[in-house]
Amino acid sequence: MFHVMFQNVFKCIFSMKRRSDGTVVALTPGRQRLSDEFFNRPCLQVAVDLLGKTLVRKLEDGSLLRCKIVETECYLGVTDKACHTFGGRRTEKNAPMYMKPGTSYVYFTYGMYHCFNISSQEEGSAVLLRAAEPLEGEDTMQLHRQASQRSAKEKSYKTHELCNGPSKLCMALAIDRFTCNAKDLTLWPEMWFEEAPKPEESVVTSTRVGIDSVEKEWRLKPLRFYLLGNKSVSKRDKLQEGAITS
DNA sequence: AGACTGATAATCT
DNA sequence: GATTATCAGTCTG
């Protein structure tokens with residue numbers, strides 16, 4: 001009785017997490033890590049509810065990068081024609097999309113870039129993280145972005161330019177398929193999501209980006225979500241924003 | 001602000 | 001051999 005009470009208080013204050021092997025992972029004090037219950041829900045709910053939450057990345061030197069998620073997209077799984085798992089397709093690359101809700105799916109695209117997703121409840125489904133607002137470790141994010149530049153001149157980015165796109169977010173947070181793919185983000189010590197106050201901004205619903213070759217029915221589905229007015233959003237939809245009243 | 005284009009290589013067919 | 005859930009630069013108005 002008292003043991004359980006103590007354990008719960010302790011867990012709340014220090015956000016302790018017990019792994020399957022019995023060891024305990026200590027996180028930043030006072031912040032609640034998003035767990036299985038959060039990710040084991042329909043893709044749509046996970047995508048919308050991730051807006052405003054904090055993404056935390058722990059680097060090799062122990063330092064933390066933090067950002068507020070401001071834009072997400074749903075990939076609904078085997079029924080979704082724009083999804084890598086459409087029709088039940090299974091390859092070595094898309095395997096993490098079939099794994100436990102809360103598993104990272106980081107893949108390489110356009111010969112240069114990465115995209116970062118997290119699996120959700122439906123078979124083969126995942127939420128693509130498209131944009132975030134830097135909260136902590138901005139200088140390091142700047143260095144990461146500059147290190148990924150191919151032009152000779154060193155350009156510096158404004159705060160809202162550091163993570164305003166799916167591959168920019170990966171560069172800024174040092175997320176790649178070699179180090180971050182197929183990880184259980186409810187337990188992995190090097191990256192996780194944290195609870196945060198409900199965002200001030202309204203949620204805008206729009207169409208997904210970069211899926212031009214998909215047939216219209218699926219290309220035009222309202223499966224992208226972002227926070228109205230936030231400077232770190234990658235692509236705004238004036239038409240949809242005009243329909244928002246609050 | 002929006003349209004267009006080149007870069008670049010893993011992955012799949 | 002074709003495709004790609006992108007980015008950064010350039011051009012146009």
# chains A, B, ... in the order shown; residues from 1 in each chain; ligands from 1
call {"tool": "interface_residues", "arguments": {"of": "chain A", "to": "chain B", "cutoff": "8 Å", "atoms": "only C-alpha atoms (C1' of nucleotides)", "output": "PyMOL selection string"}}
result
chain A and resi 93+108-112
call {"tool": "closest_atom_pairs", "arguments": {"of": "chain C", "to": "chain A", "cutoff": "7 Å", "atoms": "only C-alpha atoms (C1' of nucleotides)", "output": "Markdown table"}}
result
| residue | atom | partner | partner_atom | distance |
| --- | --- | --- | --- | --- |
| C:DT4 | C1' | A:Tyr110 | CA | 5.3 |
| C:DA5 | C1' | A:Gly210 | CA | 6.0 |
| C:DT6 | C1' | A:Ser167 | CA | 6.6 |
call {"tool": "write_last_selection", "arguments": {"atoms": "all heavy atoms", "output": "PDB file, in the first residue's frame"}}
result
ATOM      1  P    DT C   4       7.399   8.148 -56.539  1.00  0.00           P
ATOM      2  OP1  DT C   4       6.151   7.600 -55.972  1.00  0.00           O
ATOM      3  OP2  DT C   4       7.371   9.280 -57.473  1.00  0.00           O
ATOM      4  O5'  DT C   4       8.340   8.557 -55.311  1.00  0.00           O
ATOM      5  C5'  DT C   4       8.728   7.579 -54.361  1.00  0.00           C
ATOM      6  C4'  DT C   4       9.741   8.198 -53.426  1.00  0.00           C
ATOM      7  O4'  DT C   4      11.015   8.269 -54.076  1.00  0.00           O
ATOM      8  C3'  DT C   4       9.388   9.621 -52.983  1.00  0.00           C
ATOM      9  O3'  DT C   4       9.525   9.742 -51.572  1.00  0.00           O
ATOM     10  C2'  DT C   4      10.423  10.490 -53.690  1.00  0.00           C
ATOM     11  C1'  DT C   4      11.596   9.525 -53.792  1.00  0.00           C
ATOM     12  N1   DT C   4      12.591   9.831 -54.844  1.00  0.00           N
ATOM     13  C2   DT C   4      13.917   9.563 -54.590  1.00  0.00           C
ATOM     14  O2   DT C   4      14.297   9.085 -53.539  1.00  0.00           O
ATOM     15  N3   DT C   4      14.774   9.868 -55.615  1.00  0.00           N
ATOM     16  C4   DT C   4      14.428  10.404 -56.846  1.00  0.00           C
ATOM     17  O4   DT C   4      15.292  10.635 -57.680  1.00  0.00           O
ATOM     18  C5   DT C   4      13.033  10.666 -57.044  1.00  0.00           C
ATOM     19  C7   DT C   4      12.554  11.248 -58.333  1.00  0.00           C
ATOM     20  C6   DT C   4      12.184  10.367 -56.051  1.00  0.00           C
ATOM     21  P    DA C   5       8.212   9.236 -50.721  1.00  0.00           P
ATOM     22  OP1  DA C   5       8.604   8.171 -49.792  1.00  0.00           O
ATOM     23  OP2  DA C   5       7.036   9.058 -51.623  1.00  0.00           O
ATOM     24  O5'  DA C   5       8.009  10.523 -49.836  1.00  0.00           O
ATOM     25  C5'  DA C   5       7.303  11.658 -50.334  1.00  0.00           C
ATOM     26  C4'  DA C   5       6.941  12.559 -49.174  1.00  0.00           C
ATOM     27  O4'  DA C   5       5.984  11.869 -48.340  1.00  0.00           O
ATOM     28  C3'  DA C   5       8.110  12.887 -48.250  1.00  0.00           C
ATOM     29  O3'  DA C   5       7.860  14.134 -47.606  1.00  0.00           O
ATOM     30  C2'  DA C   5       8.064  11.741 -47.220  1.00  0.00           C
ATOM     31  C1'  DA C   5       6.565  11.598 -47.059  1.00  0.00           C
ATOM     32  N9   DA C   5       6.167  10.247 -46.703  1.00  0.00           N
ATOM     33  C8   DA C   5       5.909   9.200 -47.529  1.00  0.00           C
ATOM     34  N7   DA C   5       5.565   8.103 -46.917  1.00  0.00           N
ATOM     35  C5   DA C   5       5.589   8.446 -45.582  1.00  0.00           C
ATOM     36  C6   DA C   5       5.330   7.731 -44.400  1.00  0.00           C
ATOM     37  N6   DA C   5       4.955   6.456 -44.387  1.00  0.00           N
ATOM     38  N1   DA C   5       5.454   8.374 -43.230  1.00  0.00           N
ATOM     39  C2   DA C   5       5.826   9.667 -43.234  1.00  0.00           C
ATOM     40  N3   DA C   5       6.106  10.445 -44.279  1.00  0.00           N
ATOM     41  C4   DA C   5       5.962   9.769 -45.432  1.00  0.00           C
ATOM     42  P    DT C   6       8.456  15.517 -48.283  1.00  0.00           P
ATOM     43  OP1  DT C   6       8.244  16.553 -47.284  1.00  0.00           O
ATOM     44  OP2  DT C   6       7.858  15.589 -49.642  1.00  0.00           O
ATOM     45  O5'  DT C   6      10.038  15.363 -48.472  1.00  0.00           O
ATOM     46  C5'  DT C   6      10.868  15.173 -47.324  1.00  0.00           C
ATOM     47  C4'  DT C   6      12.058  16.109 -47.393  1.00  0.00           C
ATOM     48  O4'  DT C   6      12.657  16.010 -48.688  1.00  0.00           O
ATOM     49  C3'  DT C   6      11.720  17.583 -47.167  1.00  0.00           C
ATOM     50  O3'  DT C   6      12.568  18.075 -46.146  1.00  0.00           O
ATOM     51  C2'  DT C   6      11.967  18.239 -48.522  1.00  0.00           C
ATOM     52  C1'  DT C   6      12.978  17.302 -49.175  1.00  0.00           C
ATOM     53  N1   DT C   6      12.905  17.263 -50.650  1.00  0.00           N
ATOM     54  C2   DT C   6      14.060  17.448 -51.372  1.00  0.00           C
ATOM     55  O2   DT C   6      15.136  17.655 -50.847  1.00  0.00           O
ATOM     56  N3   DT C   6      13.902  17.383 -52.726  1.00  0.00           N
ATOM     57  C4   DT C   6      12.741  17.139 -53.424  1.00  0.00           C
ATOM     58  O4   DT C   6      12.734  17.105 -54.633  1.00  0.00           O
ATOM     59  C5   DT C   6      11.562  16.951 -52.619  1.00  0.00           C
ATOM     60  C7   DT C   6      10.249  16.677 -53.283  1.00  0.00           C
ATOM     61  C6   DT C   6      11.695  17.018 -51.294  1.00  0.00           C
TER      62       DT C   6
END
call {"tool": "residues_around", "arguments": {"residues": "A:Thr72", "least_positions_apart": "5", "cutoff": "12 Å", "atoms": "only C-alpha atoms (C1' of nucleotides)", "output": "number ranges by chain"}}
result
A: 43-53, 115-118, 126-132, 164-166, 169, 203-209, 222-227, 233-235; C: 5
call {"tool": "write_last_selection", "arguments": {"atoms": "N, CA and C atoms (P, O5', C5', C4', C3', O3' and C1' of nucleotides)", "output": "tab-separated table (two decimals), in the first residue's frame"}}
result
chain	number	residue	atom	x	y	z
A	43	CYS	N	-4.08	6.52	-35.21
A	43	CYS	CA	-3.08	7.42	-35.80
A	43	CYS	C	-3.51	8.89	-35.73
A	44	LEU	N	-4.76	9.13	-36.07
A	44	LEU	CA	-5.29	10.49	-36.10
A	44	LEU	C	-5.20	11.17	-34.74
A	45	GLN	N	-5.56	10.44	-33.71
A	45	GLN	CA	-5.51	11.01	-32.35
A	45	GLN	C	-4.09	11.27	-31.91
A	46	VAL	N	-3.20	10.34	-32.23
A	46	VAL	CA	-1.79	10.51	-31.85
A	46	VAL	C	-1.22	11.74	-32.55
A	47	ALA	N	-1.53	11.89	-33.85
A	47	ALA	CA	-1.00	13.02	-34.62
A	47	ALA	C	-1.46	14.35	-34.05
A	48	VAL	N	-2.76	14.47	-33.76
A	48	VAL	CA	-3.29	15.73	-33.23
A	48	VAL	C	-2.76	15.98	-31.82
A	49	ASP	N	-2.74	14.95	-30.99
A	49	ASP	CA	-2.33	15.14	-29.60
A	49	ASP	C	-0.83	15.37	-29.44
A	50	LEU	N	-0.04	15.02	-30.45
A	50	LEU	CA	1.41	15.28	-30.35
A	50	LEU	C	1.70	16.77	-30.51
A	51	LEU	N	0.78	17.52	-31.11
A	51	LEU	CA	0.99	18.96	-31.27
A	51	LEU	C	1.11	19.62	-29.90
A	52	GLY	N	2.16	20.37	-29.70
A	52	GLY	CA	2.40	21.04	-28.43
A	52	GLY	C	3.26	20.23	-27.46
A	53	LYS	N	3.35	18.91	-27.68
A	53	LYS	CA	4.18	18.07	-26.82
A	53	LYS	C	5.66	18.36	-27.08
A	115	CYS	N	13.51	11.28	-42.72
A	115	CYS	CA	12.22	11.63	-42.15
A	115	CYS	C	12.00	10.76	-40.90
A	116	PHE	N	11.38	11.36	-39.90
A	116	PHE	CA	11.21	10.72	-38.59
A	116	PHE	C	9.72	10.54	-38.29
A	117	ASN	N	9.34	9.29	-38.08
A	117	ASN	CA	7.94	8.94	-37.77
A	117	ASN	C	7.89	8.14	-36.48
A	118	ILE	N	6.67	8.04	-35.93
A	118	ILE	CA	6.47	7.16	-34.78
A	118	ILE	C	5.22	6.32	-35.03
A	126	ALA	N	1.74	5.26	-38.94
A	126	ALA	CA	2.73	6.07	-38.23
A	126	ALA	C	2.40	7.56	-38.39
A	127	VAL	N	2.95	8.35	-37.47
A	127	VAL	CA	2.81	9.81	-37.54
A	127	VAL	C	4.16	10.40	-37.94
A	128	LEU	N	4.15	11.18	-39.03
A	128	LEU	CA	5.36	11.87	-39.48
A	128	LEU	C	5.49	13.19	-38.72
A	129	LEU	N	6.65	13.43	-38.14
A	129	LEU	CA	6.91	14.71	-37.48
A	129	LEU	C	7.46	15.68	-38.51
A	130	ARG	N	6.69	16.71	-38.83
A	130	ARG	CA	7.07	17.61	-39.91
A	130	ARG	C	7.77	18.88	-39.45
A	131	ALA	N	7.47	19.35	-38.25
A	131	ALA	CA	8.09	20.60	-37.81
A	131	ALA	C	8.01	20.77	-36.30
A	132	ALA	N	8.97	21.53	-35.77
A	132	ALA	CA	9.03	21.78	-34.33
A	132	ALA	C	9.66	23.14	-34.06
A	164	ASN	N	11.83	23.63	-39.25
A	164	ASN	CA	10.55	23.84	-39.96
A	164	ASN	C	10.44	22.98	-41.22
A	165	GLY	N	10.60	21.70	-41.03
A	165	GLY	CA	10.48	20.73	-42.13
A	165	GLY	C	10.95	19.38	-41.61
A	166	PRO	N	10.42	18.29	-42.16
A	166	PRO	CA	10.72	16.96	-41.62
A	166	PRO	C	12.21	16.60	-41.63
A	169	LEU	N	14.23	19.03	-39.23
A	169	LEU	CA	14.08	18.57	-37.85
A	169	LEU	C	15.08	17.44	-37.55
A	203	VAL	N	-5.67	24.31	-33.81
A	203	VAL	CA	-5.13	23.31	-34.73
A	203	VAL	C	-5.73	23.51	-36.12
A	204	VAL	N	-4.88	23.62	-37.13
A	204	VAL	CA	-5.32	23.71	-38.52
A	204	VAL	C	-5.20	22.32	-39.14
A	205	THR	N	-6.22	21.92	-39.90
A	205	THR	CA	-6.20	20.64	-40.61
A	205	THR	C	-6.01	20.91	-42.10
A	206	SER	N	-5.08	20.20	-42.72
A	206	SER	CA	-4.79	20.44	-44.14
A	206	SER	C	-4.42	19.13	-44.83
A	207	THR	N	-3.98	19.23	-46.08
A	207	THR	CA	-3.58	18.03	-46.82
A	207	THR	C	-2.10	17.75	-46.62
A	208	ARG	N	-1.71	16.51	-46.87
A	208	ARG	CA	-0.33	16.10	-46.68
A	208	ARG	C	0.57	16.67	-47.78
A	209	VAL	N	1.85	16.76	-47.49
A	209	VAL	CA	2.81	17.40	-48.39
A	209	VAL	C	3.70	16.35	-49.08
A	222	PRO	N	-7.60	15.14	-45.49
A	222	PRO	CA	-7.11	16.09	-44.47
A	222	PRO	C	-6.36	15.37	-43.36
A	223	LEU	N	-5.09	15.09	-43.59
A	223	LEU	CA	-4.31	14.28	-42.63
A	223	LEU	C	-3.04	14.98	-42.14
A	224	ARG	N	-2.96	16.29	-42.37
A	224	ARG	CA	-1.84	17.08	-41.84
A	224	ARG	C	-2.40	18.07	-40.82
A	225	PHE	N	-1.67	18.22	-39.72
A	225	PHE	CA	-2.14	19.07	-38.64
A	225	PHE	C	-1.03	20.01	-38.19
A	226	TYR	N	-1.37	21.27	-37.94
A	226	TYR	CA	-0.35	22.19	-37.43
A	226	TYR	C	-0.97	23.27	-36.56
A	227	LEU	N	-0.11	23.96	-35.81
A	227	LEU	CA	-0.58	24.98	-34.88
A	227	LEU	C	-0.65	26.32	-35.59
A	233	VAL	N	6.09	26.33	-38.46
A	233	VAL	CA	5.35	25.44	-39.36
A	233	VAL	C	5.97	25.49	-40.75
A	234	SER	N	6.04	24.34	-41.44
A	234	SER	CA	6.77	24.28	-42.71
A	234	SER	C	5.99	24.83	-43.89
A	235	LYS	N	4.68	24.62	-43.87
A	235	LYS	CA	3.87	25.06	-45.01
A	235	LYS	C	2.47	25.43	-44.52
C	5	DA	P	8.21	9.24	-50.72
C	5	DA	O5'	8.01	10.52	-49.84
C	5	DA	C5'	7.30	11.66	-50.33
C	5	DA	C4'	6.94	12.56	-49.17
C	5	DA	C3'	8.11	12.89	-48.25
C	5	DA	O3'	7.86	14.13	-47.61
C	5	DA	C1'	6.57	11.60	-47.06
call {"tool": "atom_distance", "arguments": {"atom1": "atom CA of A:Trp192", "atom2": "atom CA of A:Val56"}}
result
5.4 Å
call {"tool": "atom_distance", "arguments": {"atom1": "atom CA of A:Phe178", "atom2": "atom CA of A:Arg89"}}
result
22.3 Å
call {"tool": "residues_around", "arguments": {"residues": "A:Met99", "least_positions_apart": "5", "cutoff": "9 Å", "atoms": "only C-alpha atoms (C1' of nucleotides)", "output": "list in words"}}
result
Ser104, Ser119, Ser120, Glu123, Gly124 and Ala182 of chain A
call {"tool": "write_last_selection", "arguments": {"atoms": "C-alpha atoms", "output": "PDB file, in the first residue's frame"}}
result
ATOM      1  CA  SER A 104      10.501   5.135 -34.362  1.00  0.00           C
ATOM      2  CA  SER A 119       4.241   4.114 -35.167  1.00  0.00           C
ATOM      3  CA  SER A 120       0.654   4.130 -33.929  1.00  0.00           C
ATOM      4  CA  GLU A 123      -1.382  -1.968 -38.674  1.00  0.00           C
ATOM      5  CA  GLY A 124       1.458  -0.270 -40.550  1.00  0.00           C
ATOM      6  CA  ALA A 182      13.234   1.112 -34.816  1.00  0.00           C
TER       7      ALA A 182
END
call {"tool": "select_by_dssp", "arguments": {"residues": "stretch 31-178 of chain A", "states": "strand (DSSP E)", "output": "ChimeraX atom specification"}}
result
/A:54-58,64-75,104-109,113-119,126-136
call {"tool": "atom_distance", "arguments": {"atom1": "atom CA of A:Phe39", "atom2": "atom CA of A:Glu161"}}
result
28.0 Å
call {"tool": "decode", "arguments": {"residues": "chain C", "atoms": "C-alpha atoms (C1' of nucleotides)", "output": "mmCIF file, in the first residue's frame"}}
result
data_model
loop_
_atom_site.group_PDB
_atom_site.id
_atom_site.type_symbol
_atom_site.label_atom_id
_atom_site.label_comp_id
_atom_site.auth_asym_id
_atom_site.auth_seq_id
_atom_site.Cartn_x
_atom_site.Cartn_y
_atom_site.Cartn_z
ATOM 1 C "C1'" DG C 1 16.256 1.665 -64.221
ATOM 2 C "C1'" DA C 2 12.724 4.418 -61.711
ATOM 3 C "C1'" DT C 3 11.281 6.551 -57.731
ATOM 4 C "C1'" DT C 4 11.596 9.525 -53.792
ATOM 5 C "C1'" DA C 5 6.565 11.598 -47.059
ATOM 6 C "C1'" DT C 6 12.978 17.302 -49.175
ATOM 7 C "C1'" DC C 7 15.815 21.427 -49.268
ATOM 8 C "C1'" DA C 8 17.968 25.508 -50.939
ATOM 9 C "C1'" DG C 9 18.677 28.464 -54.437
ATOM 10 C "C1'" DT C 10 16.846 31.188 -58.404
ATOM 11 C "C1'" DC C 11 13.561 33.459 -61.070
ATOM 12 C "C1'" DT C 12 9.167 35.990 -61.611
ATOM 13 C "C1'" DG C 13 5.693 39.215 -60.464
#
